[in-house]
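Below is entry_5.cif, holding mmCIF, C-alpha atoms.
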```cif
data_my_file
#
loop_
_atom_site.label_atom_id
_atom_site.label_comp_id
_atom_site.auth_asym_id
_atom_site.auth_seq_id
_atom_site.Cartn_x
_atom_site.Cartn_y
_atom_site.Cartn_z
CA MET A 1 15.42 -1.82 18.40
CA PHE A 2 12.14 -3.31 19.60
CA SER A 3 12.01 -6.84 21.01
CA ILE A 4 10.51 -9.09 18.35
CA GLU A 5 9.84 -11.98 20.71
CA GLN A 6 7.94 -9.68 23.05
CA LEU A 7 6.17 -8.02 20.13
CA LYS A 8 5.00 -11.38 18.71
CA ARG A 9 2.89 -11.93 21.84
CA ASP A 10 0.73 -9.02 20.67
CA PHE A 11 -0.45 -11.03 17.64
CA PRO A 12 -2.89 -13.77 18.71
CA ILE A 13 -2.93 -15.54 15.34
CA LEU A 14 0.82 -16.25 15.49
CA SER A 15 0.14 -18.94 18.11
CA LYS A 16 -1.98 -20.84 15.57
CA LYS A 17 -0.70 -24.15 14.18
CA ILE A 18 -0.76 -24.83 10.44
CA HIS A 19 -0.75 -28.57 9.68
CA GLU A 20 0.51 -29.12 13.23
CA LYS A 21 3.48 -26.83 12.61
CA ARG A 22 4.37 -23.35 13.83
CA LEU A 23 2.81 -20.66 11.69
CA VAL A 24 5.42 -18.75 9.69
CA TYR A 25 3.42 -15.99 8.06
CA LEU A 26 5.24 -14.54 5.05
CA ASP A 27 2.32 -13.12 3.06
CA ASN A 28 2.33 -9.63 4.53
CA ALA A 29 2.36 -7.77 1.21
CA ALA A 30 -1.13 -9.20 0.64
CA THR A 31 -2.30 -8.42 4.17
CA SER A 32 -0.66 -8.19 7.57
CA GLN A 33 -1.77 -9.77 10.82
CA LYS A 34 -3.33 -7.60 13.53
CA PRO A 35 -2.04 -6.97 17.06
CA LYS A 36 -4.39 -7.30 20.00
CA GLN A 37 -4.19 -3.52 20.46
CA VAL A 38 -5.99 -3.09 17.11
CA ILE A 39 -8.48 -5.88 17.78
CA GLU A 40 -9.26 -4.55 21.26
CA ALA A 41 -9.72 -1.00 19.97
CA ILE A 42 -12.37 -2.22 17.51
CA VAL A 43 -14.11 -4.34 20.16
CA ASN A 44 -14.05 -1.45 22.64
CA TYR A 45 -15.70 0.84 20.10
CA TYR A 46 -18.54 -1.58 19.45
CA GLU A 47 -18.99 -2.43 23.13
CA ASN A 48 -18.90 1.10 24.49
CA HIS A 49 -19.38 3.82 21.85
CA ASN A 50 -21.27 2.43 18.86
CA ALA A 51 -23.67 4.90 17.23
CA ASN A 52 -23.92 6.66 13.89
CA VAL A 53 -21.67 9.69 13.66
CA HIS A 54 -22.59 13.36 13.11
CA ARG A 55 -25.89 15.13 13.68
CA GLY A 56 -27.03 12.86 16.51
CA VAL A 57 -27.75 14.79 19.70
CA HIS A 58 -27.60 11.87 22.13
CA GLN A 59 -24.52 10.90 24.12
CA LEU A 60 -23.52 7.80 22.15
CA ALA A 61 -23.66 9.74 18.89
CA GLU A 62 -21.44 12.40 20.40
CA GLU A 63 -19.00 9.78 21.73
CA SER A 64 -18.87 7.95 18.39
CA THR A 65 -18.28 11.20 16.51
CA GLN A 66 -15.49 12.19 18.90
CA VAL A 67 -13.79 8.80 18.59
CA PHE A 68 -14.07 8.99 14.79
CA GLU A 69 -12.62 12.51 14.56
CA ASP A 70 -9.83 11.73 17.04
CA SER A 71 -8.91 8.62 15.01
CA ARG A 72 -8.78 10.64 11.79
CA LYS A 73 -6.30 13.02 13.41
CA VAL A 74 -4.06 10.14 14.51
CA ILE A 75 -4.01 8.68 10.99
CA SER A 76 -3.34 11.95 9.17
CA ARG A 77 -0.54 12.92 11.55
CA PHE A 78 1.06 9.49 11.22
CA PHE A 79 1.56 10.36 7.55
CA GLY A 80 2.63 13.95 8.11
CA ALA A 81 -0.59 15.35 6.65
CA ASP A 82 -3.14 17.89 7.84
CA ASP A 83 -6.54 16.64 8.98
CA GLU A 84 -8.38 18.08 5.98
CA GLU A 85 -5.94 16.38 3.58
CA LEU A 86 -7.08 12.88 4.57
CA ILE A 87 -10.01 11.25 2.77
CA LEU A 88 -10.91 7.88 4.25
CA VAL A 89 -11.68 5.15 1.73
CA ARG A 90 -12.00 1.37 1.79
CA ASN A 91 -8.58 0.60 0.30
CA THR A 92 -5.87 1.69 -2.11
CA THR A 93 -7.97 0.71 -5.11
CA GLU A 94 -10.82 2.98 -4.10
CA ALA A 95 -8.35 5.81 -3.47
CA ILE A 96 -6.98 5.50 -7.02
CA ASN A 97 -10.50 5.44 -8.43
CA GLY A 98 -11.26 8.52 -6.37
CA VAL A 99 -8.49 10.44 -8.13
CA ALA A 100 -9.52 8.98 -11.48
CA TYR A 101 -13.17 9.98 -11.23
CA GLY A 102 -12.88 12.92 -8.85
CA TRP A 103 -10.04 14.70 -10.67
CA ALA A 104 -8.83 13.10 -13.91
CA LEU A 105 -12.20 12.76 -15.61
CA ASP A 106 -12.68 16.54 -15.44
CA HIS A 107 -9.09 17.60 -16.13
CA LEU A 108 -7.86 15.30 -18.92
CA LYS A 109 -8.63 15.67 -22.59
CA LYS A 110 -7.55 14.29 -25.96
CA GLY A 111 -3.80 14.75 -26.46
CA ASP A 112 -3.00 14.68 -22.75
CA VAL A 113 -0.73 11.96 -21.36
CA VAL A 114 -0.99 9.88 -18.21
CA VAL A 115 2.26 8.17 -17.21
CA THR A 116 2.45 4.98 -15.19
CA THR A 117 5.07 2.20 -15.00
CA GLU A 118 5.46 -1.42 -16.02
CA MET A 119 5.77 -2.51 -12.38
CA GLU A 120 2.37 -1.21 -11.27
CA HIS A 121 -0.33 -3.21 -9.55
CA HIS A 122 -3.41 -3.69 -11.74
CA SER A 123 -5.20 -1.19 -9.49
CA ASN A 124 -2.87 1.53 -10.80
CA ILE A 125 -3.28 0.54 -14.45
CA VAL A 126 -6.88 -0.48 -15.08
CA PRO A 127 -8.54 2.75 -13.80
CA TRP A 128 -6.25 4.81 -16.03
CA GLN A 129 -7.03 2.67 -19.05
CA GLU A 130 -10.69 3.42 -18.44
CA ILE A 131 -10.12 7.15 -17.89
CA CYS A 132 -8.08 7.40 -21.08
CA LYS A 133 -10.86 5.69 -23.03
CA ARG A 134 -13.34 8.25 -21.73
CA THR A 135 -11.20 11.38 -22.13
CA GLY A 136 -9.08 10.58 -25.19
CA ALA A 137 -5.88 10.89 -23.18
CA THR A 138 -2.97 8.50 -23.79
CA LEU A 139 -1.50 6.09 -21.25
CA GLN A 140 2.29 5.68 -21.41
CA PHE A 141 4.57 3.36 -19.41
CA VAL A 142 8.01 3.90 -17.92
CA LYS A 143 10.01 0.74 -18.67
CA VAL A 144 11.44 -1.68 -16.11
CA ASP A 145 14.95 -3.00 -16.76
CA GLU A 146 16.32 -6.52 -16.19
CA ASN A 147 17.36 -5.61 -12.65
CA GLY A 148 13.85 -4.58 -11.66
CA ARG A 149 14.47 -0.83 -11.71
CA LEU A 150 12.65 1.89 -13.62
CA ASP A 151 14.33 3.47 -16.63
CA TRP A 152 12.94 6.82 -15.49
CA LYS A 153 15.99 8.95 -16.28
CA SER A 154 15.44 8.57 -20.01
CA PHE A 155 11.72 9.37 -19.83
CA ASN A 156 10.59 12.80 -20.96
CA PHE A 157 7.92 14.29 -18.70
CA SER A 158 6.83 16.84 -21.28
CA LEU A 159 4.10 19.44 -20.97
CA LEU A 160 1.68 16.91 -22.48
CA VAL A 161 2.03 14.81 -19.33
CA LYS A 162 -0.74 15.90 -16.98
CA LEU A 163 -0.56 13.10 -14.42
CA VAL A 164 2.06 10.59 -13.24
CA VAL A 165 0.92 7.60 -11.18
CA LEU A 166 3.61 5.33 -9.78
CA THR A 167 4.26 2.91 -6.99
CA HIS A 168 6.58 3.80 -4.15
CA VAL A 169 7.51 0.13 -3.62
CA SER A 170 6.76 -2.63 -6.12
CA ASN A 171 4.61 -5.38 -4.66
CA THR A 172 6.34 -7.96 -6.89
CA LEU A 173 9.92 -6.74 -7.28
CA GLY A 174 10.27 -5.11 -3.87
CA THR A 175 11.94 -2.19 -5.67
CA LEU A 176 12.01 1.01 -3.64
CA ASN A 177 11.71 3.70 -6.27
CA PRO A 178 13.70 6.93 -5.76
CA ILE A 179 10.55 9.02 -5.85
CA GLU A 180 12.18 12.12 -4.36
CA LYS A 181 14.63 12.26 -7.29
CA MET A 182 11.90 11.35 -9.75
CA ILE A 183 9.60 14.09 -8.48
CA LYS A 184 12.39 16.65 -8.73
CA LYS A 185 13.06 15.68 -12.35
CA MET A 186 9.38 15.65 -13.28
CA LYS A 187 8.77 19.11 -11.88
CA SER A 188 11.91 20.52 -13.49
CA GLN A 189 10.52 19.45 -16.86
CA ASN A 190 6.87 20.21 -16.14
CA LYS A 191 5.97 22.30 -13.09
CA ASP A 192 2.22 21.77 -13.56
CA ILE A 193 2.36 17.99 -13.50
CA LYS A 194 0.17 16.17 -10.97
CA ILE A 195 1.73 13.22 -9.13
CA LEU A 196 0.08 10.25 -7.43
CA VAL A 197 2.19 7.84 -5.36
CA ASP A 198 0.86 4.39 -4.50
CA GLY A 199 2.07 3.79 -0.94
CA ALA A 200 0.35 0.45 -0.33
CA GLN A 201 3.72 -1.31 0.02
CA SER A 202 5.73 1.56 1.50
CA ALA A 203 3.43 2.72 4.29
CA PRO A 204 3.94 -0.51 6.30
CA HIS A 205 7.74 -0.20 6.21
CA LEU A 206 8.83 3.43 5.83
CA LYS A 207 8.34 6.74 7.57
CA ILE A 208 6.07 8.76 5.27
CA ASP A 209 5.91 12.56 5.35
CA PHE A 210 3.26 13.67 2.88
CA HIS A 211 4.27 17.33 2.95
CA GLN A 212 7.94 16.58 2.48
CA LEU A 213 7.22 14.41 -0.56
CA ASP A 214 5.62 17.42 -2.28
CA ILE A 215 3.13 15.35 -4.26
CA ASP A 216 -0.57 15.78 -4.98
CA PHE A 217 -1.89 12.38 -3.94
CA PHE A 218 -0.62 9.58 -1.68
CA ILE A 219 -2.65 6.43 -1.14
CA PHE A 220 -2.47 3.53 1.31
CA SER A 221 -4.40 0.56 2.69
CA GLY A 222 -4.80 -0.05 6.41
CA HIS A 223 -4.80 -3.84 6.25
CA LYS A 224 -1.20 -4.02 5.03
CA MET A 225 0.06 -1.93 7.97
CA LEU A 226 -1.40 -3.94 10.90
CA GLY A 227 -4.84 -2.30 10.60
CA PRO A 228 -8.20 -3.86 9.69
CA MET A 229 -9.46 -4.60 6.21
CA GLY A 230 -11.92 -2.21 4.61
CA ILE A 231 -10.15 1.03 5.52
CA GLY A 232 -7.50 3.07 3.75
CA GLY A 233 -6.62 6.60 2.89
CA LEU A 234 -6.23 9.11 0.10
CA LEU A 235 -4.00 12.02 1.09
CA VAL A 236 -4.64 15.05 -1.08
CA LYS A 237 -2.70 18.30 -1.26
CA LYS A 238 -4.78 20.83 0.65
CA GLU A 239 -5.25 23.28 -2.21
CA LEU A 240 -6.91 20.58 -4.33
CA VAL A 241 -9.67 20.00 -1.78
CA THR A 242 -10.11 23.57 -0.56
CA THR A 243 -10.55 24.83 -4.14
CA ASN A 244 -12.80 21.88 -5.02
CA GLU A 245 -10.44 20.90 -7.84
CA LEU A 246 -10.80 17.33 -6.55
CA LYS A 247 -14.52 16.65 -6.53
CA PRO A 248 -16.50 13.99 -4.67
CA TRP A 249 -17.05 10.80 -6.66
CA LEU A 250 -19.63 9.24 -4.33
CA PHE A 251 -22.83 11.05 -3.49
CA GLY A 252 -25.49 10.76 -0.79
CA GLY A 253 -26.18 11.56 2.82
CA GLY A 254 -23.48 12.79 5.16
CA MET A 255 -21.67 14.95 2.62
CA ILE A 256 -24.35 17.58 2.20
CA GLU A 257 -25.06 20.99 3.66
CA SER A 258 -28.56 21.23 2.21
CA VAL A 259 -30.62 19.41 -0.42
CA TYR A 260 -33.37 20.82 -2.67
CA GLU A 261 -35.32 19.21 -5.47
CA ASP A 262 -33.26 20.92 -8.15
CA HIS A 263 -29.79 21.14 -6.52
CA THR A 264 -27.62 20.23 -3.55
CA ASN A 265 -25.10 22.26 -1.57
CA PHE A 266 -22.18 20.16 -0.39
CA ASN A 267 -20.44 20.50 2.96
CA GLU A 268 -17.58 22.99 3.03
CA SER A 269 -15.49 20.70 5.26
CA PRO A 270 -13.39 18.31 3.12
CA GLN A 271 -13.66 15.63 5.83
CA ASP A 272 -17.45 15.67 5.41
CA ARG A 273 -17.69 16.51 1.70
CA PHE A 274 -15.93 13.28 0.75
CA THR A 275 -17.86 11.07 3.19
CA ALA A 276 -21.07 9.93 1.52
CA GLY A 277 -23.09 7.81 3.90
CA THR A 278 -22.07 6.16 7.15
CA PRO A 279 -18.28 5.80 7.48
CA ASP A 280 -16.62 2.66 8.83
CA VAL A 281 -15.97 4.11 12.27
CA ALA A 282 -14.76 0.87 13.84
CA SER A 283 -12.16 0.30 11.12
CA THR A 284 -11.06 3.92 11.41
CA VAL A 285 -10.53 3.35 15.12
CA GLY A 286 -8.60 0.16 14.31
CA LEU A 287 -6.37 1.92 11.78
CA ALA A 288 -5.61 4.67 14.28
CA ALA A 289 -4.62 1.98 16.79
CA ALA A 290 -2.31 0.45 14.16
CA CYS A 291 -0.72 3.86 13.52
CA ASN A 292 -0.16 4.30 17.25
CA TYR A 293 1.35 0.81 17.47
CA LEU A 294 3.80 1.47 14.64
CA SER A 295 4.65 4.91 16.02
CA LYS A 296 5.65 3.37 19.34
CA LEU A 297 7.93 0.95 17.51
CA ASP A 298 9.41 3.90 15.53
CA MET A 299 9.11 3.62 11.76
CA HIS A 300 12.85 4.11 11.31
CA GLU A 301 13.41 0.98 13.42
CA VAL A 302 10.71 -0.82 11.46
CA GLU A 303 12.56 0.01 8.24
CA LEU A 304 15.90 -1.25 9.59
CA HIS A 305 14.30 -4.50 10.73
CA ASP A 306 12.68 -5.01 7.35
CA ARG A 307 15.88 -4.32 5.45
CA GLU A 308 17.68 -6.91 7.57
CA LEU A 309 15.05 -9.53 6.72
CA VAL A 310 15.16 -8.75 3.00
CA ALA A 311 18.96 -8.94 2.89
CA TYR A 312 18.99 -12.22 4.81
CA ALA A 313 16.28 -13.73 2.60
CA ILE A 314 18.23 -12.83 -0.55
CA LYS A 315 21.36 -14.40 0.94
CA ARG A 316 19.63 -17.65 1.96
CA LEU A 317 17.59 -18.03 -1.23
CA SER A 318 20.74 -17.52 -3.30
CA GLU A 319 21.99 -20.83 -1.88
CA PHE A 320 19.60 -22.63 -4.26
CA SER A 321 20.91 -23.09 -7.81
CA GLN A 322 17.31 -23.59 -8.99
CA ILE A 323 16.13 -20.22 -7.67
CA LYS A 324 16.28 -16.91 -9.50
CA ILE A 325 15.36 -13.87 -7.43
CA VAL A 326 13.47 -11.15 -9.32
CA GLY A 327 14.07 -7.49 -8.58
CA PRO A 328 17.15 -5.73 -7.19
CA THR A 329 19.67 -7.90 -5.35
CA THR A 330 22.75 -5.68 -5.48
CA SER A 331 23.31 -1.94 -5.31
CA SER A 332 26.10 0.51 -6.01
CA THR A 333 25.30 2.24 -2.72
CA ASP A 334 25.41 1.05 0.89
CA THR A 335 21.63 0.60 0.98
CA LEU A 336 19.81 -1.81 -1.35
CA ASP A 337 16.84 -0.14 -3.05
CA ARG A 338 14.52 -2.93 -2.02
CA ILE A 339 12.14 -3.35 0.90
CA GLY A 340 9.23 -5.46 2.07
CA SER A 341 9.43 -8.59 -0.03
CA VAL A 342 11.49 -11.05 -2.05
CA ALA A 343 9.94 -12.87 -5.01
CA PHE A 344 11.58 -15.66 -6.98
CA LEU A 345 11.33 -18.24 -9.75
CA TYR A 346 12.08 -21.90 -9.02
CA GLU A 347 13.28 -23.66 -12.17
CA GLY A 348 10.88 -26.31 -13.38
CA VAL A 349 8.31 -25.91 -10.61
CA HIS A 350 5.17 -23.75 -10.75
CA PRO A 351 4.80 -21.13 -7.98
CA HIS A 352 1.45 -22.58 -6.88
CA ASP A 353 3.09 -25.97 -6.32
CA ILE A 354 5.84 -24.31 -4.27
CA ALA A 355 3.24 -22.47 -2.17
CA GLN A 356 1.41 -25.74 -1.45
CA VAL A 357 4.57 -27.50 -0.36
CA LEU A 358 5.49 -24.56 1.89
CA ASP A 359 1.98 -24.51 3.35
CA SER A 360 2.38 -28.16 4.36
CA GLN A 361 5.32 -26.97 6.49
CA GLY A 362 3.38 -24.10 8.07
CA VAL A 363 4.95 -21.44 5.83
CA GLU A 364 2.43 -19.10 4.21
CA VAL A 365 3.56 -17.27 1.05
CA ARG A 366 1.89 -15.81 -2.05
CA SER A 367 2.16 -17.28 -5.54
CA GLY A 368 1.03 -16.12 -8.98
CA HIS A 369 1.10 -12.81 -10.82
CA HIS A 370 0.50 -10.66 -7.70
CA CYS A 371 -1.78 -8.44 -9.81
CA THR A 372 1.19 -7.43 -11.97
CA MET A 373 0.45 -9.40 -15.12
CA PRO A 374 2.05 -6.86 -17.53
CA LEU A 375 5.32 -7.15 -15.60
CA HIS A 376 5.22 -10.96 -15.65
CA THR A 377 4.33 -10.98 -19.34
CA LYS A 378 7.24 -8.64 -20.16
CA PHE A 379 9.75 -11.08 -18.66
CA ASN A 380 7.90 -14.29 -19.62
CA TRP A 381 7.43 -15.34 -16.01
CA PRO A 382 4.63 -17.90 -15.54
CA GLY A 383 4.29 -16.55 -12.01
CA THR A 384 6.51 -15.93 -9.01
CA THR A 385 6.63 -17.00 -5.39
CA ARG A 386 6.72 -14.06 -3.01
CA VAL A 387 7.77 -13.92 0.63
CA SER A 388 6.98 -10.65 2.38
CA PHE A 389 7.69 -9.36 5.86
CA GLN A 390 6.29 -7.49 8.83
CA VAL A 391 7.55 -6.44 12.23
CA TYR A 392 6.86 -9.85 13.80
CA ASN A 393 8.99 -11.80 11.33
CA THR A 394 12.45 -13.05 12.32
CA LEU A 395 15.60 -14.39 10.72
CA GLU A 396 14.51 -17.77 12.04
CA ASP A 397 11.36 -17.48 9.90
CA VAL A 398 13.59 -17.16 6.85
CA ASP A 399 15.55 -20.25 7.96
CA VAL A 400 12.29 -22.21 8.25
CA LEU A 401 11.38 -21.02 4.74
CA VAL A 402 14.70 -22.25 3.38
CA GLU A 403 14.39 -25.65 5.09
CA SER A 404 10.85 -25.96 3.78
CA LEU A 405 11.99 -25.16 0.23
CA LYS A 406 14.21 -28.24 0.40
CA LYS A 407 10.96 -30.23 0.46
CA VAL A 408 10.32 -28.98 -3.08
CA THR A 409 13.36 -30.96 -4.22
CA ASP A 410 12.06 -34.02 -2.40
CA VAL A 411 8.62 -33.73 -3.99
CA PHE A 412 9.51 -32.67 -7.52
CA GLY A 413 13.07 -33.95 -7.82
CA LYS A 414 14.27 -30.50 -8.89
#
```
Rewritten as structure tokens:
Amino acid sequence: MFSIEQLKRDFPILSKKIHEKRLVYLDNAATSQKPKQVIEAIVNYYENHNANVHRGVHQLAEESTQVFEDSRKVISRFFGADDEELILVRNTTEAINGVAYGWALDHLKKGDVVVTTEMEHHSNIVPWQEICKRTGATLQFVKVDENGRLDWKSFNFSLLVKLVVLTHVSNTLGTLNPIEKMIKKMKSQNKDIKILVDGAQSAPHLKIDFHQLDIDFFIFSGHKMLGPMGIGGLLVKKELVTTNELKPWLFGGGMIESVYEDHTNFNESPQDRFTAGTPDVASTVGLAAACNYLSKLDMHEVELHDRELVAYAIKRLSEFSQIKIVGPTTSSTDTLDRIGSVAFLYEGVHPHDIAQVLDSQGVEVRSGHHCTMPLHTKFNWPGTTRVSFQVYNTLEDVDVLVESLKKVTDVFGK
């Protein structure tokens, strides 16, 4: 196991004081902090290699292009994908929209079904609502039970279902969905089904092997996995890009082979065909540095560390009679199907008030709907308070959280 105390020195912001108290950053599901290795990689690019990529014949252009291509290889291999299967985007939301407008708009029609779940982030609901409006397809939802798990076994993935879009890990419930089993069931009922997995909350905590998952699309955001904001990825099964079944959804310079007044020929290379305009080279370099950082820690060790934090947080929060934890808290197996975060309700106190009290103690958490309003509406939750973890968090951070929550009783008398 990696040394957390040594590791924490890599994150400059963790030395910052919040209201004269030690920063305890527990809002990692929204965005993670960045190690100096990522920051320095971005600075080094701008100080030593900055130039626009591709087609330039001067040295800096060649250096920038090489750094960009090398970084793409690091990122794709981190996820067990081939280089041509990675399309760089700004974030998970753009990746979902890329599938919506680059594939679904051309392949869905009236009578077809798109399946999502009640635990999805708005980014994996709203685009599909819009696509269904435009194509006449129907959007159906797999239900979430009282324990925060999907009722997927009773769902029929019939031949009418053309696309399933689901989260790997819920950003509100922390539920780790058994996607391997789900995929096996889906394909046994419908071998032609297309599957998109939202990995925004799993990529920071789990070892991902795109080929082993045997899905069509996997999406992730760099800023949740120690990388910079403004960069993410859409992994696409190779045959969908080599056959042009997934089409570009942004158009302009950079992606073309040749342009005429009446038509354009697009680049045969998927890496180029899906890059309209100047890419964010610096952020790509930063994300590659984050992938290297996590690889050195070993993602299996990262997962074990995260599971320990989640289990300890559930134990400590359960000491409060006023607190109800949402999502899985017990399991029939040795391993709880939960990772990354713990969200809860505090009887009689609004989540925003809890977050403000915790902030006064230097503890940073997230409060509200977490972009999962349908889930909150289903269970009549006004909002939840979410604590979420990264590699630099410790059991002591959870203890500080618990001591800070006692201030809520002092302030609100609850």
Using the chain letters and numbers from this file, what does the PyMOL selection byres ((chain A and resi 95) around 12) select? Give the answer as a tab-separated table (two decimals) with C-alpha atoms, in the coordinates of the input.
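Written out: expr26.tsv:
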```tsv
chain	number	residue	atom	x	y	z
A	86	LEU	CA	-7.08	12.88	4.57
A	87	ILE	CA	-10.01	11.25	2.77
A	88	LEU	CA	-10.91	7.88	4.25
A	89	VAL	CA	-11.68	5.15	1.73
A	90	ARG	CA	-12.00	1.37	1.79
A	91	ASN	CA	-8.58	0.60	0.30
A	92	THR	CA	-5.87	1.69	-2.11
A	93	THR	CA	-7.97	0.71	-5.11
A	94	GLU	CA	-10.82	2.98	-4.10
A	96	ILE	CA	-6.98	5.50	-7.02
A	97	ASN	CA	-10.50	5.44	-8.43
A	98	GLY	CA	-11.26	8.52	-6.37
A	99	VAL	CA	-8.49	10.44	-8.13
A	100	ALA	CA	-9.52	8.98	-11.48
A	101	TYR	CA	-13.17	9.98	-11.23
A	102	GLY	CA	-12.88	12.92	-8.85
A	103	TRP	CA	-10.04	14.70	-10.67
A	123	SER	CA	-5.20	-1.19	-9.49
A	124	ASN	CA	-2.87	1.53	-10.80
A	127	PRO	CA	-8.54	2.75	-13.80
A	196	LEU	CA	0.08	10.25	-7.43
A	197	VAL	CA	2.19	7.84	-5.36
A	198	ASP	CA	0.86	4.39	-4.50
A	199	GLY	CA	2.07	3.79	-0.94
A	200	ALA	CA	0.35	0.45	-0.33
A	217	PHE	CA	-1.89	12.38	-3.94
A	218	PHE	CA	-0.62	9.58	-1.68
A	219	ILE	CA	-2.65	6.43	-1.14
A	220	PHE	CA	-2.47	3.53	1.31
A	221	SER	CA	-4.40	0.56	2.69
A	230	GLY	CA	-11.92	-2.21	4.61
A	231	ILE	CA	-10.15	1.03	5.52
A	232	GLY	CA	-7.50	3.07	3.75
A	233	GLY	CA	-6.62	6.60	2.89
A	234	LEU	CA	-6.23	9.11	0.10
A	235	LEU	CA	-4.00	12.02	1.09
A	236	VAL	CA	-4.64	15.05	-1.08
A	248	PRO	CA	-16.50	13.99	-4.67
A	249	TRP	CA	-17.05	10.80	-6.66
A	250	LEU	CA	-19.63	9.24	-4.33
A	274	PHE	CA	-15.93	13.28	0.75
```
Residue nearest Lys143 (chain A) among A:Glu118, A:Glu84, A:Glu130, A:Asp410 (counting all atoms listed in the file)
A:Glu118
Scan for residues within 12 Å of the point (3.1, -24.5, 2.5) in the coordinates of the file, using all atoms listed in the file, and reply as a PyMOL selection string.
chain A and resi 18-27+351-367+385+387+400-408
Exactly which residues make up the result of the PyMOL selection byres ((chain A and resi 173) around 8) on this file, given as a ChimeraX atom specification?
/A:119,148,170-172,174-175,326-328,338,341-343
Counting only C-alpha atoms, what is within 12 Å of Asn265 (chain A), bar same-chain residues fewer than 3 positions away, as a list in words?
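In the requested form, the answer reads Phe251, Gly252, Gly253, Gly254, Met255, Ile256, Glu257, Ser258, Val259, Tyr260, Glu261, Asp262, Glu268, Ser269 and Arg273 of chain A.
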I need the chosen residues saved as a PDB file, keeping the file's coordinate frame, with C-alpha atoms.
```
ATOM      1  CA  PHE A 251     -22.830  11.050  -3.490  1.00  0.00           C
ATOM      2  CA  GLY A 252     -25.490  10.760  -0.790  1.00  0.00           C
ATOM      3  CA  GLY A 253     -26.180  11.560   2.820  1.00  0.00           C
ATOM      4  CA  GLY A 254     -23.480  12.790   5.160  1.00  0.00           C
ATOM      5  CA  MET A 255     -21.670  14.950   2.620  1.00  0.00           C
ATOM      6  CA  ILE A 256     -24.350  17.580   2.200  1.00  0.00           C
ATOM      7  CA  GLU A 257     -25.060  20.990   3.660  1.00  0.00           C
ATOM      8  CA  SER A 258     -28.560  21.230   2.210  1.00  0.00           C
ATOM      9  CA  VAL A 259     -30.620  19.410  -0.420  1.00  0.00           C
ATOM     10  CA  TYR A 260     -33.370  20.820  -2.670  1.00  0.00           C
ATOM     11  CA  GLU A 261     -35.320  19.210  -5.470  1.00  0.00           C
ATOM     12  CA  ASP A 262     -33.260  20.920  -8.150  1.00  0.00           C
ATOM     13  CA  GLU A 268     -17.580  22.990   3.030  1.00  0.00           C
ATOM     14  CA  SER A 269     -15.490  20.700   5.260  1.00  0.00           C
ATOM     15  CA  ARG A 273     -17.690  16.510   1.700  1.00  0.00           C
TER      16      ARG A 273
END
```
What is the CA of Val67 (chain A) to CA of Val43 (chain A) distance in Å?
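Between CA of Val67 (chain A) and CA of Val43 (chain A) the gap works out to 13.2 Å.
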Could you tell me, as JSON, numbers by chain, exactly which residues end up selected when the PyMOL selection byres ((chain A and resi 371) around 9) is applied to this structure?
{"A": [120, 121, 122, 123, 171, 172, 368, 369, 370, 372, 373, 374]}
Residues at most 8 Å from region 396-398 of chain A, counting only C-alpha atoms, excluding those fewer than 5 positions away in the same chain, as a PyMOL selection string?
chain A and resi 24+309+312-313+316
Output for the residues just chosen: C-alpha atoms as an mmCIF file, keeping the file's coordinate frame:
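So the final result, stored in out.cif, reads:
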```
data_model
loop_
_atom_site.group_PDB
_atom_site.id
_atom_site.type_symbol
_atom_site.label_atom_id
_atom_site.label_comp_id
_atom_site.auth_asym_id
_atom_site.auth_seq_id
_atom_site.Cartn_x
_atom_site.Cartn_y
_atom_site.Cartn_z
ATOM 1 C CA VAL A 24 5.420 -18.750 9.690
ATOM 2 C CA LEU A 309 15.050 -9.530 6.720
ATOM 3 C CA TYR A 312 18.990 -12.220 4.810
ATOM 4 C CA ALA A 313 16.280 -13.730 2.600
ATOM 5 C CA ARG A 316 19.630 -17.650 1.960
#
```
I'd like the neighbourhood of Glu347 (chain A) as a ChimeraX atom specification, where a residue qualifies if any of its atoms comes within 12 Å (using only C-alpha atoms), though same-chain residues fewer than 4 positions away should be ignored.
/A:320-325,351,353-354,381-385,408-409,412-414
C-alpha atoms of the current selection, written as a PDB file, in the frame of the given file:
```
ATOM      1  CA  PHE A 320      19.600 -22.630  -4.260  1.00  0.00           C
ATOM      2  CA  SER A 321      20.910 -23.090  -7.810  1.00  0.00           C
ATOM      3  CA  GLN A 322      17.310 -23.590  -8.990  1.00  0.00           C
ATOM      4  CA  ILE A 323      16.130 -20.220  -7.670  1.00  0.00           C
ATOM      5  CA  LYS A 324      16.280 -16.910  -9.500  1.00  0.00           C
ATOM      6  CA  ILE A 325      15.360 -13.870  -7.430  1.00  0.00           C
ATOM      7  CA  PRO A 351       4.800 -21.130  -7.980  1.00  0.00           C
ATOM      8  CA  ASP A 353       3.090 -25.970  -6.320  1.00  0.00           C
ATOM      9  CA  ILE A 354       5.840 -24.310  -4.270  1.00  0.00           C
ATOM     10  CA  TRP A 381       7.430 -15.340 -16.010  1.00  0.00           C
ATOM     11  CA  PRO A 382       4.630 -17.900 -15.540  1.00  0.00           C
ATOM     12  CA  GLY A 383       4.290 -16.550 -12.010  1.00  0.00           C
ATOM     13  CA  THR A 384       6.510 -15.930  -9.010  1.00  0.00           C
ATOM     14  CA  THR A 385       6.630 -17.000  -5.390  1.00  0.00           C
ATOM     15  CA  VAL A 408      10.320 -28.980  -3.080  1.00  0.00           C
ATOM     16  CA  THR A 409      13.360 -30.960  -4.220  1.00  0.00           C
ATOM     17  CA  PHE A 412       9.510 -32.670  -7.520  1.00  0.00           C
ATOM     18  CA  GLY A 413      13.070 -33.950  -7.820  1.00  0.00           C
ATOM     19  CA  LYS A 414      14.270 -30.500  -8.890  1.00  0.00           C
TER      20      LYS A 414
END
```
